[in-house]
>>> print(open('work02.cif').read())   # mmCIF, C-alpha atoms; chains and numbers go by the auth columns
data_query
#
loop_
_atom_site.group_PDB
_atom_site.id
_atom_site.type_symbol
_atom_site.label_atom_id
_atom_site.label_comp_id
_atom_site.label_asym_id
_atom_site.label_seq_id
_atom_site.Cartn_x
_atom_site.Cartn_y
_atom_site.Cartn_z
_atom_site.B_iso_or_equiv
_atom_site.auth_seq_id
_atom_site.auth_asym_id
ATOM 1 C CA MET A 1 154.384 163.903 87.705 0.00 1 C
ATOM 2 C CA GLU A 2 154.762 165.451 91.154 0.00 2 C
ATOM 3 C CA LYS A 3 155.165 162.988 93.982 0.00 3 C
ATOM 4 C CA GLU A 4 152.170 164.306 95.894 0.00 4 C
ATOM 5 C CA ASN A 5 149.980 163.694 92.833 0.00 5 C
ATOM 6 C CA ALA A 6 151.066 160.086 92.458 0.00 6 C
ATOM 7 C CA VAL A 7 148.214 157.577 92.503 0.00 7 C
ATOM 8 C CA ALA A 8 148.717 154.072 93.901 0.00 8 C
ATOM 9 C CA VAL A 9 148.295 151.257 91.365 0.00 9 C
ATOM 10 C CA SER A 10 147.303 147.634 91.850 0.00 10 C
ATOM 11 C CA CYS A 11 147.212 145.559 88.658 0.00 11 C
ATOM 12 C CA SER A 12 147.427 142.422 90.802 0.00 12 C
ATOM 13 C CA ARG A 13 143.718 142.861 91.554 0.00 13 C
ATOM 14 C CA CYS A 14 142.932 141.863 87.972 0.00 14 C
ATOM 15 C CA SER A 15 144.073 138.328 88.777 0.00 15 C
ATOM 16 C CA ALA A 16 140.572 137.552 90.007 0.00 16 C
ATOM 17 C CA VAL A 17 139.045 139.173 86.906 0.00 17 C
ATOM 18 C CA TRP A 18 141.253 137.022 84.664 0.00 18 C
ATOM 19 C CA GLN A 19 140.322 133.840 86.511 0.00 19 C
ATOM 20 C CA LYS A 20 136.633 134.669 86.224 0.00 20 C
ATOM 21 C CA THR A 21 136.418 135.970 82.644 0.00 21 C
ATOM 22 C CA GLY A 22 139.606 134.807 80.924 0.00 22 C
ATOM 23 C CA THR A 23 140.574 138.384 80.079 0.00 23 C
ATOM 24 C CA THR A 24 141.129 141.829 81.582 0.00 24 C
ATOM 25 C CA ASN A 25 140.221 145.335 80.494 0.00 25 C
ATOM 26 C CA CYS A 26 143.658 145.950 78.968 0.00 26 C
ATOM 27 C CA TRP A 27 143.755 142.574 77.201 0.00 27 C
ATOM 28 C CA SER A 28 140.309 142.392 75.631 0.00 28 C
ATOM 29 C CA GLY A 29 140.693 145.184 73.048 0.00 29 C
ATOM 30 C CA ASN A 30 136.923 145.638 72.868 0.00 30 C
ATOM 31 C CA PRO A 31 135.593 148.428 75.136 0.00 31 C
ATOM 32 C CA GLU A 32 132.014 147.158 74.749 0.00 32 C
ATOM 33 C CA THR A 33 132.690 143.672 76.120 0.00 33 C
ATOM 34 C CA ALA A 34 135.763 144.309 78.250 0.00 34 C
ATOM 35 C CA PRO A 35 135.570 143.806 82.015 0.00 35 C
ATOM 36 C CA PRO A 36 135.540 147.100 83.923 0.00 36 C
ATOM 37 C CA ARG A 37 138.808 148.591 85.100 0.00 37 C
ATOM 38 C CA PRO A 38 139.509 147.923 88.766 0.00 38 C
ATOM 39 C CA GLY A 39 140.200 150.675 91.231 0.00 39 C
ATOM 40 C CA ASN A 40 143.777 151.954 91.070 0.00 40 C
ATOM 41 C CA CYS A 41 144.094 150.947 87.412 0.00 41 C
ATOM 42 C CA PRO A 42 147.129 152.699 85.883 0.00 42 C
ATOM 43 C CA ALA A 43 145.125 153.330 82.713 0.00 43 C
ATOM 44 C CA ASP A 44 143.034 155.781 84.734 0.00 44 C
ATOM 45 C CA GLY A 45 145.616 157.364 87.007 0.00 45 C
ATOM 46 C CA TYR A 46 148.474 157.502 84.511 0.00 46 C
ATOM 47 C CA ALA A 47 146.856 157.854 81.088 0.00 47 C
ATOM 48 C CA GLY A 48 149.245 160.649 80.122 0.00 48 C
ATOM 49 C CA VAL A 49 152.295 158.710 81.220 0.00 49 C
ATOM 50 C CA ILE A 50 151.193 155.656 79.249 0.00 50 C
ATOM 51 C CA GLU A 51 150.586 157.738 76.124 0.00 51 C
ATOM 52 C CA GLU A 52 153.955 159.476 76.414 0.00 52 C
ATOM 53 C CA ALA A 53 155.788 156.211 77.034 0.00 53 C
ATOM 54 C CA ALA A 54 154.048 154.585 74.075 0.00 54 C
ATOM 55 C CA GLY A 55 155.493 157.325 71.895 0.00 55 C
ATOM 56 C CA LEU A 56 158.986 156.342 73.019 0.00 56 C
ATOM 57 C CA LEU A 57 158.355 152.801 71.780 0.00 57 C
ATOM 58 C CA LYS A 58 157.893 154.036 68.216 0.00 58 C
ATOM 59 C CA GLY A 59 160.421 155.298 65.705 0.00 59 C
ATOM 60 C CA GLU A 60 164.103 154.573 65.215 0.00 60 C
ATOM 61 C CA SER A 61 165.566 154.973 68.728 0.00 61 C
ATOM 62 C CA GLU A 62 167.275 152.078 70.489 0.00 62 C
ATOM 63 C CA ASP A 63 164.353 151.828 72.913 0.00 63 C
ATOM 64 C CA ALA A 64 161.946 151.561 69.995 0.00 64 C
ATOM 65 C CA ARG A 65 164.093 148.924 68.279 0.00 65 C
ATOM 66 C CA ILE A 66 164.289 146.819 71.450 0.00 66 C
ATOM 67 C CA ALA A 67 160.524 147.130 71.970 0.00 67 C
ATOM 68 C CA LEU A 68 159.800 146.057 68.399 0.00 68 C
ATOM 69 C CA VAL A 69 162.233 143.137 68.452 0.00 69 C
ATOM 70 C CA ALA A 70 160.986 142.010 71.881 0.00 70 C
ATOM 71 C CA ALA A 71 157.422 141.958 70.549 0.00 71 C
ATOM 72 C CA ARG A 72 158.578 139.980 67.542 0.00 72 C
ATOM 73 C CA VAL A 73 160.442 137.479 69.727 0.00 73 C
ATOM 74 C CA GLU A 74 157.333 137.042 71.863 0.00 74 C
ATOM 75 C CA GLY A 75 155.387 136.143 68.735 0.00 75 C
ATOM 76 C CA LEU A 76 158.067 133.773 67.470 0.00 76 C
ATOM 77 C CA CYS A 77 158.117 132.012 70.830 0.00 77 C
ATOM 78 C CA TYR A 78 154.657 130.570 70.266 0.00 78 C
ATOM 79 C CA GLN A 79 153.410 127.967 67.791 0.00 79 C
ATOM 80 C CA PRO A 80 149.788 127.731 66.678 0.00 80 C
ATOM 81 C CA ILE A 81 148.081 124.378 67.171 0.00 81 C
ATOM 82 C CA PRO A 82 146.424 123.252 63.915 0.00 82 C
ATOM 83 C CA GLY A 83 142.644 123.202 64.217 0.00 83 C
ATOM 84 C CA SER A 84 142.645 125.216 67.442 0.00 84 C
ATOM 85 C CA ASP A 85 142.977 128.799 68.607 0.00 85 C
ATOM 86 C CA ALA A 86 145.409 127.650 71.306 0.00 86 C
ATOM 87 C CA VAL A 87 149.168 128.110 71.070 0.00 87 C
ATOM 88 C CA ASN A 88 152.170 126.313 72.488 0.00 88 C
ATOM 89 C CA ALA A 89 155.317 127.967 73.809 0.00 89 C
ATOM 90 C CA ARG A 90 158.347 126.491 72.042 0.00 90 C
ATOM 91 C CA TRP A 91 161.343 128.521 73.254 0.00 91 C
ATOM 92 C CA THR A 92 163.125 128.629 76.588 0.00 92 C
ATOM 93 C CA ARG A 93 164.457 131.857 78.122 0.00 93 C
ATOM 94 C CA VAL A 94 167.904 131.018 76.699 0.00 94 C
ATOM 95 C CA GLU A 95 166.419 130.745 73.216 0.00 95 C
ATOM 96 C CA ASP A 96 164.456 133.975 73.667 0.00 96 C
ATOM 97 C CA THR A 97 167.702 135.721 74.619 0.00 97 C
ATOM 98 C CA ILE A 98 169.534 134.338 71.598 0.00 98 C
ATOM 99 C CA ALA A 99 166.700 135.374 69.284 0.00 99 C
ATOM 100 C CA LEU A 100 166.590 138.926 70.615 0.00 100 C
ATOM 101 C CA ALA A 101 170.369 139.338 70.403 0.00 101 C
ATOM 102 C CA ARG A 102 170.432 138.047 66.836 0.00 102 C
ATOM 103 C CA LEU A 103 167.536 140.183 65.636 0.00 103 C
ATOM 104 C CA MET A 104 169.055 143.255 67.306 0.00 104 C
ATOM 105 C CA GLY A 105 172.359 142.593 65.561 0.00 105 C
ATOM 106 C CA TYR A 106 174.278 142.258 68.841 0.00 106 C
ATOM 107 C CA GLN A 107 177.649 140.491 68.740 0.00 107 C
ATOM 108 C CA LYS A 108 179.582 141.046 71.991 0.00 108 C
ATOM 109 C CA ILE A 109 177.586 139.798 74.948 0.00 109 C
ATOM 110 C CA GLY A 110 178.740 140.483 78.497 0.00 110 C
ATOM 111 C CA ILE A 111 177.844 138.024 81.244 0.00 111 C
ATOM 112 C CA ALA A 112 177.817 139.221 84.851 0.00 112 C
ATOM 113 C CA THR A 113 177.985 135.955 86.755 0.00 113 C
ATOM 114 C CA CYS A 114 177.872 134.947 90.384 0.00 114 C
ATOM 115 C CA ILE A 115 180.884 132.889 91.455 0.00 115 C
ATOM 116 C CA GLY A 116 178.439 130.200 92.572 0.00 116 C
ATOM 117 C CA LEU A 117 177.206 129.735 89.010 0.00 117 C
ATOM 118 C CA LEU A 118 180.493 129.494 87.122 0.00 118 C
ATOM 119 C CA GLU A 119 179.557 126.084 85.723 0.00 119 C
ATOM 120 C CA GLU A 120 176.222 127.383 84.449 0.00 120 C
ATOM 121 C CA CYS A 121 178.007 130.428 83.050 0.00 121 C
ATOM 122 C CA GLU A 122 180.466 128.235 81.157 0.00 122 C
ATOM 123 C CA ARG A 123 177.585 126.289 79.643 0.00 123 C
ATOM 124 C CA LEU A 124 175.975 129.556 78.569 0.00 124 C
ATOM 125 C CA VAL A 125 179.278 130.689 77.058 0.00 125 C
ATOM 126 C CA ALA A 126 179.460 127.465 75.036 0.00 126 C
ATOM 127 C CA ILE A 127 175.913 127.977 73.741 0.00 127 C
ATOM 128 C CA LEU A 128 176.517 131.605 72.784 0.00 128 C
ATOM 129 C CA LYS A 129 179.756 130.721 70.995 0.00 129 C
ATOM 130 C CA ALA A 130 177.965 127.964 69.083 0.00 130 C
ATOM 131 C CA GLN A 131 175.355 130.546 68.045 0.00 131 C
ATOM 132 C CA GLY A 132 178.026 132.867 66.638 0.00 132 C
ATOM 133 C CA PHE A 133 178.258 135.406 69.459 0.00 133 C
ATOM 134 C CA THR A 134 181.294 136.644 71.378 0.00 134 C
ATOM 135 C CA PRO A 135 180.567 136.064 75.089 0.00 135 C
ATOM 136 C CA LEU A 136 182.667 137.894 77.688 0.00 136 C
ATOM 137 C CA SER A 137 182.108 136.814 81.292 0.00 137 C
ATOM 138 C CA VAL A 138 182.985 138.708 84.478 0.00 138 C
ATOM 139 C CA CYS A 139 182.711 137.137 87.948 0.00 139 C
ATOM 140 C CA CYS A 140 181.263 139.046 90.896 0.00 140 C
ATOM 141 C CA LYS A 141 184.348 138.397 93.055 0.00 141 C
ATOM 142 C CA ALA A 142 186.892 139.644 90.512 0.00 142 C
ATOM 143 C CA GLY A 143 189.637 141.548 92.331 0.00 143 C
ATOM 144 C CA SER A 144 189.085 139.672 95.607 0.00 144 C
ATOM 145 C CA ILE A 145 188.264 142.650 97.851 0.00 145 C
ATOM 146 C CA ASP A 146 187.663 141.776 101.505 0.00 146 C
ATOM 147 C CA LYS A 147 184.121 142.460 102.730 0.00 147 C
ATOM 148 C CA LYS A 148 185.621 144.322 105.692 0.00 148 C
ATOM 149 C CA GLU A 149 186.641 147.077 103.276 0.00 149 C
ATOM 150 C CA LEU A 150 182.921 147.764 102.737 0.00 150 C
ATOM 151 C CA GLY A 151 182.478 148.270 106.461 0.00 151 C
ATOM 152 C CA LEU A 152 180.978 144.830 107.136 0.00 152 C
ATOM 153 C CA LYS A 153 181.427 143.563 110.677 0.00 153 C
ATOM 154 C CA GLU A 154 183.299 140.302 111.101 0.00 154 C
ATOM 155 C CA GLU A 155 180.297 138.663 112.777 0.00 155 C
ATOM 156 C CA ASP A 156 178.118 139.496 109.764 0.00 156 C
ATOM 157 C CA LYS A 157 180.182 137.371 107.394 0.00 157 C
ATOM 158 C CA VAL A 158 178.894 133.997 106.210 0.00 158 C
ATOM 159 C CA ARG A 159 181.860 132.403 107.982 0.00 159 C
ATOM 160 C CA PRO A 160 183.234 134.814 110.602 0.00 160 C
ATOM 161 C CA GLY A 161 186.980 134.737 111.058 0.00 161 C
ATOM 162 C CA THR A 162 187.691 133.792 107.457 0.00 162 C
ATOM 163 C CA PHE A 163 188.526 135.800 104.350 0.00 163 C
ATOM 164 C CA GLU A 164 185.408 136.511 102.311 0.00 164 C
ATOM 165 C CA PRO A 165 185.672 138.520 99.105 0.00 165 C
ATOM 166 C CA ALA A 166 182.965 141.085 98.454 0.00 166 C
ATOM 167 C CA CYS A 167 180.922 141.145 95.278 0.00 167 C
ATOM 168 C CA ASN A 168 181.760 144.091 93.020 0.00 168 C
ATOM 169 C CA PRO A 169 178.876 144.537 90.557 0.00 169 C
ATOM 170 C CA ILE A 170 179.950 148.084 89.679 0.00 170 C
ATOM 171 C CA ALA A 171 183.300 146.714 88.490 0.00 171 C
ATOM 172 C CA GLN A 172 181.471 144.031 86.508 0.00 172 C
ATOM 173 C CA ALA A 173 179.433 146.711 84.765 0.00 173 C
ATOM 174 C CA GLN A 174 182.395 148.978 84.135 0.00 174 C
ATOM 175 C CA ILE A 175 184.449 146.123 82.699 0.00 175 C
ATOM 176 C CA CYS A 176 181.587 145.331 80.322 0.00 176 C
ATOM 177 C CA ASN A 177 181.445 149.043 79.470 0.00 177 C
ATOM 178 C CA ALA A 178 185.177 149.047 78.723 0.00 178 C
ATOM 179 C CA LEU A 179 184.722 146.006 76.492 0.00 179 C
ATOM 180 C CA GLU A 180 181.893 147.854 74.707 0.00 180 C
ATOM 181 C CA THR A 181 179.508 144.936 74.961 0.00 181 C
ATOM 182 C CA ASP A 182 176.312 145.200 72.930 0.00 182 C
ATOM 183 C CA MET A 183 174.147 143.662 75.649 0.00 183 C
ATOM 184 C CA ASN A 184 174.736 142.163 79.089 0.00 184 C
ATOM 185 C CA ILE A 185 173.247 139.107 80.783 0.00 185 C
ATOM 186 C CA ILE A 186 172.943 138.654 84.537 0.00 186 C
ATOM 187 C CA VAL A 187 173.565 135.110 85.764 0.00 187 C
ATOM 188 C CA GLY A 188 172.664 134.784 89.426 0.00 188 C
ATOM 189 C CA LEU A 189 173.781 138.082 90.951 0.00 189 C
ATOM 190 C CA CYS A 190 172.600 138.698 94.521 0.00 190 C
ATOM 191 C CA VAL A 191 169.664 140.962 95.314 0.00 191 C
ATOM 192 C CA GLY A 192 171.086 144.478 95.384 0.00 192 C
ATOM 193 C CA HIS A 193 174.157 143.556 93.380 0.00 193 C
ATOM 194 C CA ASP A 194 171.900 143.094 90.365 0.00 194 C
ATOM 195 C CA MET A 195 170.539 146.596 91.001 0.00 195 C
ATOM 196 C CA LEU A 196 174.010 148.101 90.974 0.00 196 C
ATOM 197 C CA PHE A 197 174.989 146.224 87.821 0.00 197 C
ATOM 198 C CA ASN A 198 171.863 147.433 86.013 0.00 198 C
ATOM 199 C CA LYS A 199 172.449 150.973 87.233 0.00 199 C
ATOM 200 C CA HIS A 200 176.036 151.181 85.976 0.00 200 C
ATOM 201 C CA SER A 201 175.802 149.156 82.752 0.00 201 C
ATOM 202 C CA LYS A 202 175.821 151.208 79.569 0.00 202 C
ATOM 203 C CA ALA A 203 174.522 148.331 77.461 0.00 203 C
ATOM 204 C CA PRO A 204 170.979 146.951 77.800 0.00 204 C
ATOM 205 C CA VAL A 205 170.723 144.276 80.498 0.00 205 C
ATOM 206 C CA THR A 206 168.591 141.141 80.697 0.00 206 C
ATOM 207 C CA THR A 207 168.481 138.609 83.514 0.00 207 C
ATOM 208 C CA LEU A 208 168.788 134.926 82.651 0.00 208 C
ATOM 209 C CA VAL A 209 169.200 133.443 86.138 0.00 209 C
ATOM 210 C CA VAL A 210 167.690 134.934 89.303 0.00 210 C
ATOM 211 C CA LYS A 211 169.546 133.744 92.388 0.00 211 C
ATOM 212 C CA ASP A 212 167.547 131.767 94.917 0.00 212 C
ATOM 213 C CA ARG A 213 169.769 129.608 97.075 0.00 213 C
ATOM 214 C CA VAL A 214 166.878 127.556 98.474 0.00 214 C
ATOM 215 C CA THR A 215 164.715 126.809 95.422 0.00 215 C
ATOM 216 C CA GLY A 216 167.436 126.049 92.874 0.00 216 C
ATOM 217 C CA HIS A 217 167.193 129.571 91.417 0.00 217 C
ATOM 218 C CA ASN A 218 163.444 129.364 90.922 0.00 218 C
ATOM 219 C CA PRO A 219 162.053 132.179 93.110 0.00 219 C
ATOM 220 C CA ALA A 220 158.568 131.717 91.664 0.00 220 C
ATOM 221 C CA ALA A 221 158.367 128.501 93.709 0.00 221 C
ATOM 222 C CA VAL A 222 157.655 130.670 96.756 0.00 222 C
ATOM 223 C CA LEU A 223 154.656 132.214 94.993 0.00 223 C
ATOM 224 C CA TYR A 224 153.295 128.797 93.995 0.00 224 C
ATOM 225 C CA GLY A 225 153.702 127.524 97.569 0.00 225 C
ATOM 226 C CA GLN A 226 151.743 130.282 99.326 0.00 226 C
ATOM 227 C CA ASN A 227 148.922 127.975 100.389 0.00 227 C
ATOM 228 C CA PHE A 228 151.211 125.620 102.267 0.00 228 C
ATOM 229 C CA TYR A 229 155.004 125.682 102.415 0.00 229 C
ATOM 230 C CA TYR A 230 155.489 129.455 102.279 0.00 230 C
ATOM 231 C CA LYS A 231 152.275 130.549 103.949 0.00 231 C
ATOM 232 C CA ARG A 232 154.449 131.861 106.793 0.00 232 C
ATOM 233 C CA LEU A 233 155.246 134.864 104.587 0.00 233 C
ATOM 234 C CA GLN A 234 151.621 135.981 104.917 0.00 234 C
ATOM 235 C CA LYS A 235 151.424 135.360 108.663 0.00 235 C
ATOM 236 C CA GLY A 236 153.691 138.151 109.828 0.00 236 C
ATOM 237 C CA PRO A 237 156.951 140.037 109.335 0.00 237 C
ATOM 238 C CA MET A 238 159.967 137.987 108.269 0.00 238 C
ATOM 239 C CA VAL A 239 162.670 138.197 110.933 0.00 239 C
ATOM 240 C CA VAL A 240 165.912 139.530 109.459 0.00 240 C
ATOM 241 C CA GLU A 241 168.856 139.075 111.811 0.00 241 C
#
>>> encode(input="work02.cif", output="structure tokens")
Amino acid sequence: MEKENAVAVSCSRCSAVWQKTGTTNCWSGNPETAPPRPGNCPADGYAGVIEEAAGLLKGESEDARIALVAARVEGLCYQPIPGSDAVNARWTRVEDTIALARLMGYQKIGIATCIGLLEECERLVAILKAQGFTPLSVCCKAGSIDKKELGLKEEDKVRPGTFEPACNPIAQAQICNALETDMNIIVGLCVGHDMLFNKHSKAPVTTLVVKDRVTGHNPAAVLYGQNFYYKRLQKGPMVVE
């Protein structure tokens, strides 16, 4: 689709519809009783894109296999409650990841870890080994390249006047590529570094830990605290300096 023909989308607006009716247009499955589509619904502006993409999720390609297995894992994650139409979630993200890897037939699993989460990475390695996988972990600081080589000013370091190694997510990805990993897991890479790792990884990538230095790696805490602790983020621009 040409850029000038692109239509803005805003699925977040259906949050209010969900709270009011318990469903949305895309979830209900019944056109006669479904809530109306909101303005900027992608189902209206991008119907052709959705149809074309849906075709890619069918068949025997790797994308189709991942889509099918992911849907199966989602179903396995929930348990029905006897005598009720409610369901309980029973698996953590770690268990979801194990289930997908096993059902996909993956064996070698690369782990791109932040140096600040080496302990968590080692625990993940132990779990994956116990589950019969071959985990191969690569730290972000491998090679110990000084940040100054990236053009960073001394005063922009965390601790100016000291040696600080730069993260090298492209090397992490290329090492995993050389090892021919079947899938890769991100454990706490910085914002931006995770982008570069995803971009350069040949194997499919999933994120297990999202780095958040303040909330104990739970960035959703900021979204839950919008009415009080993090309301400042709606008051005006965040100062970055």
>>> closest_residue(input="work02.cif", among="C:Leu117, C:Ala71, C:Ile186, C:Ile81", to="Ala99 of chain C", atoms="all atoms listed in the file")
C:Ala71
>>> residues_around(input="work02.cif", residues="segment 168-177 of chain C", least_positions_apart="5", cutoff="9 Å", atoms="all atoms listed in the file", output="JSON, numbers by chain")
{"C": [109, 110, 111, 112, 113, 136, 137, 138, 139, 140, 141, 142, 143, 144, 145, 183, 184, 189, 193, 194, 195, 196, 197, 198, 199, 200, 201, 202, 203]}
>>> residues_around(input="work02.cif", residues="Ala43 of chain C", least_positions_apart="3", cutoff="12 Å", atoms="all atoms listed in the file", output="list in words")
Val7, Ala8, Val9, Ser10, Cys11, Asn25, Cys26, Pro36, Arg37, Pro38, Gly39, Asn40, Tyr46, Ala47, Gly48, Val49, Ile50 and Glu51 of chain C
>>> write_last_selection(input="work02.cif", atoms="C-alpha atoms", output="mmCIF file, in the frame of the given file")
data_model
loop_
_atom_site.group_PDB
_atom_site.id
_atom_site.type_symbol
_atom_site.label_atom_id
_atom_site.label_comp_id
_atom_site.auth_asym_id
_atom_site.auth_seq_id
_atom_site.Cartn_x
_atom_site.Cartn_y
_atom_site.Cartn_z
ATOM 1 C CA VAL C 7 148.214 157.577 92.503
ATOM 2 C CA ALA C 8 148.717 154.072 93.901
ATOM 3 C CA VAL C 9 148.295 151.257 91.365
ATOM 4 C CA SER C 10 147.303 147.634 91.850
ATOM 5 C CA CYS C 11 147.212 145.559 88.658
ATOM 6 C CA ASN C 25 140.221 145.335 80.494
ATOM 7 C CA CYS C 26 143.658 145.950 78.968
ATOM 8 C CA PRO C 36 135.540 147.100 83.923
ATOM 9 C CA ARG C 37 138.808 148.591 85.100
ATOM 10 C CA PRO C 38 139.509 147.923 88.766
ATOM 11 C CA GLY C 39 140.200 150.675 91.231
ATOM 12 C CA ASN C 40 143.777 151.954 91.070
ATOM 13 C CA TYR C 46 148.474 157.502 84.511
ATOM 14 C CA ALA C 47 146.856 157.854 81.088
ATOM 15 C CA GLY C 48 149.245 160.649 80.122
ATOM 16 C CA VAL C 49 152.295 158.710 81.220
ATOM 17 C CA ILE C 50 151.193 155.656 79.249
ATOM 18 C CA GLU C 51 150.586 157.738 76.124
#
>>> atom_distance(input="work02.cif", atom1="atom CA of Glu120 of chain C", atom2="atom CA of Tyr78 of chain C")
26.0 Å
>>> resolve_selection(input="work02.cif", expression="the PyMOL selection byres ((chain C and resi 79) around 7)", output="list of chain:residue names")
C:Cys77, C:Tyr78, C:Pro80, C:Ile81, C:Val87, C:Asn88, C:Ala89, C:Arg90
>>> closest_residue(input="work02.cif", among="C:Leu100, C:Leu223, C:Pro35, C:Lys153", to="Ala16 of chain C", atoms="all atoms listed in the file")
C:Pro35
>>> residues_near_point(input="work02.cif", point="(181.3, 145.5, 99.8)", cutoff="10 Å", atoms="all atoms listed in the file", output="ChimeraX atom specification")
/C:145-152,165-169,193
>>> closest_residue(input="work02.cif", among="C:Ala86, C:Val240, C:Met104, C:Thr24", to="Asp63 of chain C", atoms="all atoms listed in the file")
C:Met104
>>> atom_distance(input="work02.cif", atom1="atom CA of Leu118 of chain C", atom2="atom CA of Val214 of chain C")
17.8 Å
>>> closest_residue(input="work02.cif", among="C:Tyr224, C:Lys108, C:Thr134, C:Ala54", to="Ala178 of chain C", atoms="all atoms listed in the file")
C:Lys108
>>> atom_distance(input="work02.cif", atom1="atom CA of Val191 of chain C", atom2="atom CA of Asp212 of chain C")
9.4 Å
>>> residues_near_point(input="work02.cif", point="(169.2, 143.3, 79.1)", cutoff="7 Å", atoms="all atoms listed in the file", output="list in words")
Met183, Asn184, Ile185, Pro204, Val205, Thr206 and Thr207 of chain C
>>> closest_residue(input="work02.cif", among="C:Cys114, C:Lys20, C:Pro82, C:Leu128", to="Ala101 of chain C", atoms="only C-alpha atoms")
C:Leu128
>>> closest_residue(input="work02.cif", among="C:Leu208, C:Leu103, C:Val94, C:Leu56", to="Val69 of chain C", atoms="all atoms listed in the file")
C:Leu103
